[in-house]
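**Student:** The file below is entry_35.csv, CSV, C-alpha atoms:
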chain,number,residue,atom,x,y,z
F,1,MET,CA,125.7,139.2,186.8
F,2,ASN,CA,127.4,141.9,184.9
F,3,LYS,CA,130.9,140.6,185.4
F,4,PRO,CA,132.3,138.9,182.3
F,5,GLU,CA,132.9,135.6,184.1
F,6,ASN,CA,129.3,135.6,185.2
F,7,ARG,CA,127.9,136.4,181.7
F,8,VAL,CA,130.1,133.8,180.1
F,9,ASP,CA,129.3,131.1,182.7
F,10,LYS,CA,125.5,131.7,182.0
F,11,ILE,CA,126.2,131.1,178.3
F,12,VAL,CA,128.3,128.0,179.2
F,13,SER,CA,125.6,126.7,181.4
F,14,ASP,CA,122.9,127.2,178.7
F,15,LEU,CA,125.1,125.3,176.2
F,16,LEU,CA,125.8,122.4,178.6
F,17,HIS,CA,122.0,122.2,179.1
F,18,GLY,CA,121.4,122.1,175.4
F,19,ARG,CA,119.8,125.6,175.3
F,20,ARG,CA,120.3,128.1,172.5
F,21,LEU,CA,122.8,130.9,172.6
F,22,ARG,CA,121.1,133.9,174.2
F,23,LEU,CA,123.5,136.8,173.6
F,24,SER,CA,123.4,140.5,173.7
F,25,GLY,CA,125.6,143.3,172.4
F,26,GLY,CA,127.4,143.4,175.8
F,27,ASP,CA,128.7,139.9,175.2
F,28,ALA,CA,130.7,141.1,172.2
F,29,ASP,CA,133.8,141.7,174.3
F,30,GLU,CA,133.8,138.0,175.1
F,31,LYS,CA,133.1,136.8,171.6
F,32,ALA,CA,136.3,134.7,171.5
F,33,ALA,CA,135.4,132.9,174.7
F,34,ILE,CA,131.8,132.4,173.7
F,35,THR,CA,132.6,131.0,170.3
F,36,ALA,CA,135.2,128.7,171.9
F,37,ALA,CA,132.5,127.6,174.4
F,38,ALA,CA,130.1,126.8,171.6
F,39,ARG,CA,132.7,124.7,169.8
F,40,LEU,CA,133.7,122.9,173.0
F,41,ALA,CA,130.0,122.2,173.8
F,42,ALA,CA,129.5,120.9,170.3
F,43,ALA,CA,132.7,118.8,170.5
F,44,ARG,CA,131.4,117.3,173.7
F,45,GLN,CA,128.3,116.0,171.9
F,46,GLY,CA,130.3,114.6,169.0
F,47,PRO,CA,129.1,114.9,165.4
F,48,GLN,CA,125.4,115.6,165.2
F,49,ARG,CA,122.7,114.3,162.9
F,50,MET,CA,119.4,116.0,162.4
F,51,ASN,CA,116.6,115.0,164.8
F,52,PRO,CA,114.1,112.9,162.8
F,53,ALA,CA,111.2,115.3,163.5
F,54,PHE,CA,113.3,118.3,162.3
F,55,ARG,CA,114.4,116.3,159.2
F,56,LYS,CA,110.7,115.6,158.4
F,57,ARG,CA,109.8,119.3,158.8
F,58,LEU,CA,112.7,120.3,156.6
F,59,GLU,CA,111.7,117.8,154.0
F,60,GLN,CA,108.2,119.2,154.0
F,61,ALA,CA,109.6,122.7,153.8
F,62,LEU,CA,111.8,121.8,150.9
F,63,GLU,CA,109.0,120.2,149.0
F,64,LEU,CA,106.9,123.3,149.6
F,65,ALA,CA,109.6,125.8,149.1
F,66,PRO,CA,107.8,129.1,148.4
F,67,ARG,CA,107.6,129.7,144.7
F,68,GLU,CA,105.1,132.1,143.3
F,69,PRO,CA,102.4,131.2,142.7
F,70,TRP,CA,102.7,128.2,145.0
F,71,LEU,CA,100.7,127.8,148.2
F,72,THR,CA,102.9,126.8,151.1
F,73,ARG,CA,102.0,124.2,153.8
F,74,ARG,CA,102.0,127.0,156.4
F,75,ALA,CA,99.8,129.2,154.3
F,76,ALA,CA,97.4,126.3,153.8
F,77,LEU,CA,97.3,125.6,157.6
F,78,VAL,CA,96.9,129.3,158.4
F,79,ALA,CA,94.1,129.7,155.9
F,80,GLY,CA,92.4,126.5,157.1
F,81,LEU,CA,92.3,125.0,153.6
F,82,GLY,CA,91.4,121.5,154.6
F,83,VAL,CA,91.4,120.2,151.0
F,84,ALA,CA,94.7,121.9,150.1
F,85,ALA,CA,96.3,120.8,153.4
F,86,GLY,CA,95.2,117.2,152.7
F,87,VAL,CA,96.9,117.4,149.3
F,88,VAL,CA,100.0,118.8,150.9
F,89,SER,CA,100.3,116.0,153.3
F,90,GLY,CA,100.7,113.7,150.3
F,91,GLY,CA,103.8,115.7,149.3
F,92,LEU,CA,102.0,117.8,146.7
F,93,VAL,CA,101.0,121.4,146.7
F,94,GLY,CA,98.0,123.2,145.4
F,95,ARG,CA,98.6,126.0,142.9
F,96,ILE,CA,96.8,129.2,143.2
F,97,LEU,CA,95.1,129.8,139.9
F,98,HIS,CA,95.1,133.2,138.4
F,99,GLY,CA,91.7,134.8,138.6
F,100,ALA,CA,90.5,132.0,140.9
F,101,PRO,CA,89.4,132.7,144.4
F,102,THR,CA,92.3,132.3,146.8
F,103,ALA,CA,93.0,132.5,150.5
F,104,GLN,CA,94.8,135.7,151.5
F,105,VAL,CA,97.7,134.6,153.7
F,106,GLN,CA,100.5,137.1,153.2
F,107,GLY,CA,102.6,137.7,156.4
F,108,GLY,CA,100.7,139.8,158.9
F,109,GLY,CA,97.7,140.2,156.6
F,110,PRO,CA,94.2,139.0,157.4
F,111,ILE,CA,93.1,135.5,156.6
F,112,VAL,CA,90.2,135.3,154.2
F,113,PRO,CA,89.3,131.6,153.9
F,114,ILE,CA,87.9,130.2,150.8
F,115,GLY,CA,84.1,129.8,151.3
F,116,GLY,CA,84.5,131.6,154.6
F,117,ARG,CA,81.7,132.0,157.0
F,118,TRP,CA,81.3,133.6,160.4
F,119,VAL,CA,81.5,131.0,163.2
F,120,ASP,CA,80.3,131.6,166.8
F,121,VAL,CA,83.3,130.9,169.1
F,122,ALA,CA,82.5,132.4,172.4
F,123,ALA,CA,80.5,134.9,174.4
F,124,MET,CA,82.1,138.3,175.2
F,125,SER,CA,81.6,137.5,178.8
F,126,ASP,CA,83.8,134.3,178.4
F,127,LEU,CA,86.8,136.3,177.4
F,128,VAL,CA,89.2,137.6,180.0
F,129,GLU,CA,90.5,141.1,179.5
F,130,GLY,CA,94.0,140.9,177.9
F,131,GLN,CA,94.2,137.2,177.9
F,132,GLY,CA,94.4,135.0,174.8
F,133,THR,CA,91.7,132.5,174.2
F,134,ARG,CA,92.2,129.7,171.7
F,135,VAL,CA,89.2,129.2,169.4
F,136,THR,CA,88.4,127.2,166.4
F,137,ALA,CA,86.3,128.3,163.5
F,138,GLY,CA,86.1,125.3,161.3
F,139,SER,CA,89.6,124.8,159.9
F,140,VAL,CA,90.8,128.2,161.1
F,141,GLY,CA,92.5,128.2,164.5
F,142,ALA,CA,92.9,131.6,166.3
F,143,PHE,CA,93.7,133.3,169.5
F,144,VAL,CA,91.1,136.0,170.4
F,145,PHE,CA,91.8,138.9,172.7
F,146,ARG,CA,89.4,141.2,174.5
F,147,ARG,CA,90.2,144.8,175.3
F,148,GLY,CA,87.2,146.5,176.7
F,149,ASP,CA,84.5,146.3,174.1
F,150,THR,CA,86.9,145.4,171.3
F,151,VAL,CA,88.0,142.0,170.2
F,152,THR,CA,91.0,141.2,168.0
F,153,ALA,CA,92.3,137.9,166.7
F,154,VAL,CA,95.5,136.4,165.3
F,155,THR,CA,96.2,133.0,163.8
F,156,SER,CA,97.3,130.1,166.1
F,157,ILE,CA,100.0,129.0,163.6
F,158,CYS,CA,103.6,130.3,164.0
F,159,SER,CA,104.7,132.5,161.1
F,160,HIS,CA,108.0,130.5,160.8
F,161,LEU,CA,107.4,126.8,161.3
F,162,PRO,CA,104.0,125.3,160.9
F,163,CYS,CA,103.4,124.8,164.6
F,164,GLU,CA,100.5,125.6,166.9
F,165,LEU,CA,101.2,128.4,169.3
F,166,TRP,CA,100.2,128.4,172.9
F,167,TRP,CA,99.2,131.2,175.2
F,168,ASN,CA,101.7,132.0,177.9
F,169,GLY,CA,99.5,133.9,180.3
F,170,GLY,CA,102.3,134.7,182.7
F,171,GLN,CA,104.1,136.7,180.1
F,172,GLY,CA,101.2,137.7,178.0
F,173,LEU,CA,102.7,136.2,174.9
F,174,LEU,CA,102.1,133.5,172.3
F,175,ASP,CA,104.9,131.0,172.5
F,176,CYS,CA,105.9,128.6,169.7
F,177,PRO,CA,106.7,125.1,170.9
F,178,CYS,CA,108.9,124.3,167.9
F,179,HIS,CA,111.6,126.8,168.8
F,180,PRO,CA,111.9,129.6,171.4
F,181,VAL,CA,110.2,132.5,169.8
F,182,SER,CA,107.2,134.5,171.0
F,183,PHE,CA,104.6,136.9,169.6
F,184,THR,CA,102.6,139.6,171.2
F,185,ALA,CA,98.8,139.7,171.1
F,186,GLU,CA,99.2,141.9,168.0
F,187,GLY,CA,101.1,139.2,166.3
F,188,LYS,CA,104.5,140.9,166.5
F,189,SER,CA,107.7,138.8,167.0
F,190,THR,CA,109.3,139.7,170.3
F,191,ASP,CA,112.9,138.7,169.5
F,192,LEU,CA,114.5,141.7,167.8
F,193,ALA,CA,117.7,139.7,167.2
F,194,TYR,CA,115.7,137.1,165.3
F,195,PRO,CA,112.7,138.8,163.8
F,196,LEU,CA,110.0,136.7,162.3
F,197,PRO,CA,107.1,137.9,160.1
F,198,ASP,CA,104.0,139.1,161.8
F,199,LEU,CA,101.3,136.5,162.5
F,200,ASN,CA,98.4,136.7,160.2
F,201,THR,CA,95.3,138.4,161.7
F,202,VAL,CA,91.9,136.8,161.7
F,203,HIS,CA,88.6,138.5,161.1
F,204,VAL,CA,86.5,138.7,164.2
F,205,ARG,CA,83.3,140.5,165.2
F,206,VAL,CA,81.0,140.9,168.1
F,207,THR,CA,77.2,140.5,167.5
F,208,PRO,CA,74.6,142.8,169.2
F,209,ALA,CA,73.8,139.8,171.4
F,210,GLY,CA,77.4,139.8,172.7
F,211,ARG,CA,78.6,136.7,170.8
F,212,VAL,CA,82.1,136.6,169.4
F,213,GLU,CA,82.3,135.3,165.8
F,214,VAL,CA,85.4,134.5,163.8
F,215,LEU,CA,85.6,134.3,160.0
F,216,GLY,CA,86.4,130.6,159.5
F,217,THR,CA,85.1,127.7,157.4
F,218,ALA,CA,82.1,125.5,157.6
K,1,MET,CA,94.0,143.8,163.6
K,2,SER,CA,91.1,143.1,161.5
K,3,ALA,CA,87.6,143.3,162.8
K,4,GLY,CA,84.1,143.7,161.5
K,5,ARG,CA,82.9,142.8,158.0
K,6,PRO,CA,84.9,140.4,155.9
K,7,PRO,CA,85.8,141.3,152.3
K,8,ASP,CA,83.1,140.7,149.7
K,9,GLU,CA,84.7,138.0,147.7
K,10,LEU,CA,83.9,135.1,150.0
K,11,GLU,CA,81.8,133.0,147.7
K,12,ALA,CA,84.8,131.1,146.6
K,13,GLU,CA,84.7,127.8,144.9
K,14,PRO,CA,87.2,125.1,145.8
K,15,ASP,CA,90.2,124.5,143.6
K,16,GLU,CA,89.3,122.0,141.0
K,17,PRO,CA,90.9,118.6,141.7
K,18,GLY,CA,93.4,117.4,139.3
K,19,ASP,CA,94.1,120.9,138.1
K,20,VAL,CA,96.6,121.9,140.7
K,21,LEU,CA,99.1,119.2,141.4
K,22,GLN,CA,102.7,119.6,140.6
K,23,LEU,CA,106.0,119.2,142.5
K,24,PRO,CA,107.8,122.5,143.1
K,25,MET,CA,111.1,120.6,142.8
K,26,ALA,CA,111.8,117.2,141.4
K,27,PRO,CA,112.4,114.5,144.1
K,28,ARG,CA,115.9,113.7,143.2
K,29,ALA,CA,117.2,117.2,143.9
K,30,THR,CA,115.3,117.3,147.2
K,31,ASP,CA,116.7,113.9,148.3
K,32,ILE,CA,120.2,114.9,147.4
K,33,ALA,CA,119.8,118.2,149.2
K,34,LEU,CA,118.4,116.5,152.3
K,35,GLY,CA,121.5,114.3,152.4
K,36,GLU,CA,123.8,117.2,152.0
K,37,LEU,CA,121.9,119.2,154.6
K,38,GLU,CA,122.9,116.5,157.2
K,39,ILE,CA,126.5,117.6,156.6
K,40,VAL,CA,125.5,121.2,156.7
K,41,TYR,CA,123.7,120.6,160.0
K,42,ALA,CA,126.8,118.9,161.5
K,43,PHE,CA,128.9,121.8,160.3
K,44,ILE,CA,126.6,124.4,161.8
K,45,TYR,CA,126.2,122.5,165.1
K,46,ALA,CA,129.9,122.2,165.5
K,47,ARG,CA,130.0,126.0,165.6
K,48,VAL,CA,126.9,127.0,167.6
K,49,GLY,CA,126.9,124.1,170.0
K,50,ASN,CA,123.2,123.7,170.4
K,51,ARG,CA,120.4,122.0,168.6
K,52,ALA,CA,117.8,124.9,168.5
K,53,ASP,CA,120.2,127.4,166.8
K,54,ALA,CA,121.6,124.6,164.5
K,55,GLU,CA,118.1,123.7,163.4
K,56,ASP,CA,117.1,127.3,162.8
K,57,LEU,CA,120.2,128.1,160.8
K,58,THR,CA,120.0,124.9,158.8
K,59,GLN,CA,116.5,125.7,157.9
K,60,GLN,CA,117.6,129.2,156.8
K,61,VAL,CA,120.2,127.6,154.6
K,62,ALA,CA,117.7,125.2,153.1
K,63,MET,CA,115.1,127.9,152.4
K,64,LYS,CA,117.7,130.2,150.9
K,65,ALA,CA,119.4,127.7,148.7
K,66,ILE,CA,116.9,125.2,147.6
K,67,PRO,CA,114.6,127.3,145.4
K,68,ARG,CA,117.7,128.3,143.4
K,69,LEU,CA,118.9,124.8,142.8
K,70,ARG,CA,118.4,123.4,139.4
K,71,GLU,CA,117.3,119.9,138.9
K,72,GLY,CA,120.1,117.8,137.4
K,73,SER,CA,122.8,119.5,139.4
K,74,PRO,CA,125.5,117.1,140.6
K,75,ALA,CA,125.7,116.5,144.4
K,76,SER,CA,129.1,118.2,144.5
K,77,ALA,CA,127.6,121.4,143.0
K,78,ILE,CA,124.7,121.2,145.5
K,79,ARG,CA,127.1,120.8,148.4
K,80,GLY,CA,129.2,123.7,147.3
K,81,TYR,CA,126.1,125.9,147.0
K,82,LEU,CA,124.7,124.8,150.3
K,83,PHE,CA,128.0,125.5,152.1
K,84,ALA,CA,128.4,128.9,150.6
K,85,THR,CA,125.0,129.6,151.9
K,86,ALA,CA,125.8,128.1,155.3
K,87,ARG,CA,128.8,130.3,155.7
K,88,SER,CA,126.7,133.4,154.8
K,89,VAL,CA,124.0,132.4,157.3
K,90,LEU,CA,126.5,131.6,160.1
K,91,GLY,CA,128.3,134.9,159.4
K,92,GLY,CA,125.0,136.7,159.7
K,93,PHE,CA,124.2,134.8,163.0
K,94,TRP,CA,127.4,135.8,164.7
K,95,SER,CA,127.5,139.3,163.3
K,96,THR,CA,124.0,139.9,164.5
K,97,ARG,CA,124.4,138.4,167.9
K,98,LEU,CA,127.9,139.4,168.8
K,99,GLY,CA,129.0,142.1,166.3
K,100,LEU,CA,131.7,139.9,164.7
K,101,SER,CA,133.1,141.2,161.5
K,102,GLU,CA,133.7,139.0,158.5
K,103,ALA,CA,137.4,139.3,159.0
K,104,GLU,CA,137.1,137.9,162.5
K,105,LEU,CA,135.1,135.0,161.0
K,106,HIS,CA,137.8,134.3,158.6
K,107,GLU,CA,138.5,130.9,160.0
K,108,ASP,CA,135.0,129.7,159.5
K,109,LEU,CA,134.5,131.4,156.1
K,110,ALA,CA,137.7,130.0,154.7
K,111,LEU,CA,137.0,126.5,155.8
K,112,ALA,CA,137.1,123.9,153.0
K,113,VAL,CA,133.9,122.1,152.1
K,114,PRO,CA,133.7,118.9,154.2
K,115,GLN,CA,133.5,115.7,152.3
K,116,SER,CA,131.5,113.8,154.9
K,117,PRO,CA,130.3,114.2,158.5
K,118,PRO,CA,133.6,114.2,160.5
K,119,SER,CA,133.3,111.1,162.7
K,120,GLU,CA,136.4,111.8,164.8
K,121,GLU,CA,135.7,115.5,165.2
K,122,ARG,CA,135.0,115.3,168.9
K,123,ALA,CA,138.3,113.7,169.9
K,124,ASP,CA,140.4,115.7,167.4
K,125,THR,CA,138.9,119.0,168.4
K,126,VAL,CA,138.9,118.6,172.1
K,127,GLN,CA,142.4,117.1,172.2
K,128,ARG,CA,143.8,119.8,170.0
K,129,ILE,CA,142.4,122.5,172.1
K,130,LEU,CA,143.2,121.0,175.5
K,131,ALA,CA,146.7,120.1,174.6
K,132,GLU,CA,147.6,123.7,174.1
K,133,LEU,CA,146.4,124.9,177.5
K,134,SER,CA,148.0,125.1,180.9
K,135,ASP,CA,147.2,122.3,183.4
K,136,ASN,CA,144.6,124.4,185.3
K,137,TYR,CA,142.9,125.7,182.2
K,138,ARG,CA,142.8,122.2,180.7
K,139,ARG,CA,141.4,120.7,183.9
K,140,VAL,CA,138.5,123.2,184.3
K,141,LEU,CA,137.4,122.8,180.7
K,142,GLU,CA,137.7,119.0,180.9
K,143,LEU,CA,135.5,118.9,184.0
K,144,ARG,CA,133.0,121.4,182.7
K,145,PHE,CA,132.6,120.4,179.1
K,146,LEU,CA,133.7,116.7,179.0
K,147,HIS,CA,132.4,115.6,182.4
K,148,GLY,CA,129.5,118.0,182.7
K,149,TYR,CA,130.5,119.1,186.2
K,150,SER,CA,128.7,122.1,187.8
K,151,LEU,CA,130.8,125.0,189.0
K,152,LYS,CA,130.4,123.7,192.6
K,153,GLU,CA,131.6,120.3,191.6
K,154,VAL,CA,134.6,121.8,189.7
K,155,ALA,CA,135.4,124.0,192.7
K,156,ALA,CA,135.4,121.0,195.0
K,157,GLU,CA,137.5,118.9,192.6
K,158,MET,CA,140.0,121.6,192.2
K,159,HIS,CA,140.0,122.7,195.9
K,160,SER,CA,138.9,126.2,194.9
K,161,THR,CA,135.9,128.5,195.1
K,162,VAL,CA,133.0,128.9,192.7
K,163,GLY,CA,134.1,132.5,192.0
K,164,ALA,CA,137.6,131.5,191.3
K,165,VAL,CA,136.5,128.7,189.0
K,166,LYS,CA,134.3,131.1,187.0
K,167,VAL,CA,137.2,133.4,186.4
K,168,MET,CA,139.4,130.5,185.5
K,169,GLN,CA,136.8,129.1,183.1
K,170,LEU,CA,136.6,132.5,181.3
K,171,ARG,CA,140.4,132.7,181.0
K,172,ALA,CA,140.6,129.1,179.8
K,173,LEU,CA,138.0,129.8,177.2
K,174,ARG,CA,139.8,132.9,176.0
K,175,ALA,CA,143.0,130.8,175.8
K,176,ALA,CA,141.1,128.0,174.0
K,177,ALA,CA,139.8,130.5,171.4
K,178,LYS,CA,143.4,131.2,170.4
K,179,VAL,CA,144.0,127.5,169.6
K,180,LYS,CA,143.8,126.8,165.9
K,181,VAL,CA,141.0,124.2,165.8
K,182,TYR,CA,140.8,123.7,162.1
K,183,PRO,CA,144.1,123.4,160.2
Just dump the structure as structure tokens.
**Tutor:**
Amino acid sequence: MNKPENRVDKIVSDLLHGRRLRLSGGDADEKAAITAAARLAAARQGPQRMNPAFRKRLEQALELAPREPWLTRRAALVAGLGVAAGVVSGGLVGRILHGAPTAQVQGGGPIVPIGGRWVDVAAMSDLVEGQGTRVTAGSVGAFVFRRGDTVTAVTSICSHLPCELWWNGGQGLLDCPCHPVSFTAEGKSTDLAYPLPDLNTVHVRVTPAGRVEVLGTA
Amino acid sequence: MSAGRPPDELEAEPDEPGDVLQLPMAPRATDIALGELEIVYAFIYARVGNRADAEDLTQQVAMKAIPRLREGSPASAIRGYLFATARSVLGGFWSTRLGLSEAELHEDLALAVPQSPPSEERADTVQRILAELSDNYRRVLELRFLHGYSLKEVAAEMHSTVGAVKVMQLRALRAAAKVKVYP
């Protein structure tokens, strides 16, 4: 598969099947052939218009373009702000007031929901070592991971598009259904060529009775 | 990873209704920008050849450009700004993925701002490329890209082997890259 004709054919095949360009530094020698293949593949399809679902997502993103001190749709989803998210769905956005209690939803940081409370989500014995388990704590969705006696958790919302991640047990990664990106159990983006912010972490604890609790909402 | 006690300031009160509602950008500029982003999307798609990359790059363009747009800007100014951003984003895409320099991307970067989605782009582009190639090169690209043939099918059609077709495809693409697609 190292011969240039094999590498380029793999790229051509991906393009003809509508898959994204998966390139590496070793492909640089064939950059002219690859860019030509991309243009031919595009020409084959004819002029393209945005997919309606993408256009809708883009419209929402535009309306909620990050502007301090604005709260984005993704931030609202991540923080489980039911009220704010409801407002957002109407095309509006909630402003974070100075001095007012807010949800902490910076990239990679922990989620602290407004009016947060600990929610019982599972027994320690329910969690499989190293495997992600999707849990819900009120409006906060999370994946929890057990390593020995320790439990960690990250949000179930992608750090890029506001889409629900799913656990890919075979690869041990959280995959985004909206585009081909994945995150580790620690919330790190796996694609070095297309890095995304870390997933927000979620507060989680284990009670003396062996119950797993996540900081969510009522 | 966070575990254990939550921070102390959890006794939050909900945002007061009616105190928080405001559009980050007035609707007209958003609507204009969305219309212009259709053209940006077609422009990007024509260069990356697949929907997933085109969507990601178009979103990057939107998120970079939109917050800086001022309400009241004419559509032509918005288009110019979006395409300047699109060129920058595309340049970053190729330079990151393939190590292309800006000089090598000159053809894309110097491209004039399109006035509308090019309805005849497919026919023009393909014919311009194929017309410049030798018969065998033209045939292999026609079968692969226009008719969607697999390598095996191309090999059967051209009375050749899969290995030979792969090599011919690579050489044909190299030759196609030398054809000036955009005048």
**Student:** What does the structure give for the distance between CA of Gly141 in chain F and CA of Pro52 in chain F, in Å to one decimal?
**Tutor:**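 These two atoms are separated by 26.5 Å.
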**Student:** Pick from F:Leu127, F:Ser13, F:Val144, F:Arg22: nearest to Val181 in chain F, with all atoms listed in the file counted?
**Tutor:**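 For Val181 in chain F, the nearest of the candidates is F:Arg22.
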**Student:** Please tabulate, as CSV, the residues of chain F that come within 7 Å of chain K, each with its closest pair of atoms and the distance in Å to one decimal, counting all atoms listed in the file and ordering rows by chain, then residue number upward.
**Tutor:**
residue,atom,partner,partner_atom,distance
F:Glu5,CA,K:Val167,CA,5.3
F:Asn6,CA,K:Lys166,CA,7.0
F:Val8,CA,K:Leu170,CA,6.7
F:Asp9,CA,K:Lys166,CA,6.6
F:Leu15,CA,K:Asn50,CA,6.3
F:Gly18,CA,K:Asn50,CA,5.5
F:Arg19,CA,K:Asn50,CA,6.3
F:Arg20,CA,K:Asn50,CA,5.7
F:Leu23,CA,K:Arg97,CA,6.0
F:Ser24,CA,K:Arg97,CA,6.2
F:Gly25,CA,K:Leu98,CA,5.8
F:Asp27,CA,K:Leu98,CA,6.5
F:Ala28,CA,K:Leu98,CA,4.7
F:Lys31,CA,K:Leu98,CA,6.5
F:Ala32,CA,K:Ala177,CA,5.5
F:Ala33,CA,K:Arg174,CA,4.6
F:Ala36,CA,K:Ala177,CA,5.0
F:Ala37,CA,K:Leu173,CA,6.6
F:Ala38,CA,K:Gly49,CA,4.5
F:Arg39,CA,K:Arg47,CA,5.2
F:Leu40,CA,K:Phe145,CA,6.7
F:Ala41,CA,K:Gly49,CA,5.3
F:Ala42,CA,K:Gly49,CA,4.1
F:Ala43,CA,K:Arg122,CA,4.5
F:Arg44,CA,K:Leu146,CA,5.8
F:Gly46,CA,K:Arg122,CA,4.8
F:Pro47,CA,K:Ala42,CA,6.0
F:Gln48,CA,K:Ala42,CA,5.2
F:Arg49,CA,K:Glu38,CA,6.1
F:Met50,CA,K:Glu38,CA,6.3
F:Leu58,CA,K:Gln59,CA,6.7
F:Leu62,CA,K:Thr30,CA,6.8
F:Glu63,CA,K:Pro24,CA,6.4
F:Leu64,CA,K:Pro24,CA,6.6
F:Ala65,CA,K:Pro67,CA,6.4
F:Leu92,CA,K:Leu23,CA,6.0
F:Val93,CA,K:Leu21,CA,6.0
F:Gly94,CA,K:Val20,CA,5.1
F:Arg95,CA,K:Val20,CA,5.1
F:Pro101,CA,K:Ala12,CA,5.3
F:Pro110,CA,K:Ser2,CA,6.6
F:Ile114,CA,K:Ala12,CA,5.3
F:Gly115,CA,K:Ala12,CA,4.9
F:Gly116,CA,K:Leu10,CA,5.8
F:Thr152,CA,K:Met1,CA,5.9
F:Ala153,CA,K:Met1,CA,6.9
F:His179,CA,K:Ala52,CA,6.5
F:Ala193,CA,K:Thr96,CA,6.9
F:Thr201,CA,K:Met1,CA,5.9
F:Val202,CA,K:Ser2,CA,6.4
F:His203,CA,K:Ala3,CA,5.2
F:Val204,CA,K:Ala3,CA,4.9
F:Arg205,CA,K:Gly4,CA,5.0
**Student:** CA of Ile157 in chain F and CA of Ala209 in chain F are how many Å apart?
**Tutor:** 29.4 Å
**Student:** Which value, in Å to one decimal, gives the distance between CA of Glu157 in chain K and CA of Arg138 in chain K?
**Tutor:** 13.4 Å
**Student:** I'd like the contact shell of Gly216 in chain F - 8 Å cut-off, only C-alpha atoms, skipping same-chain residues fewer than 5 positions apart - returned as a VMD selection string.
**Tutor:** chain F and resid 80 113 116 to 119 136 to 140
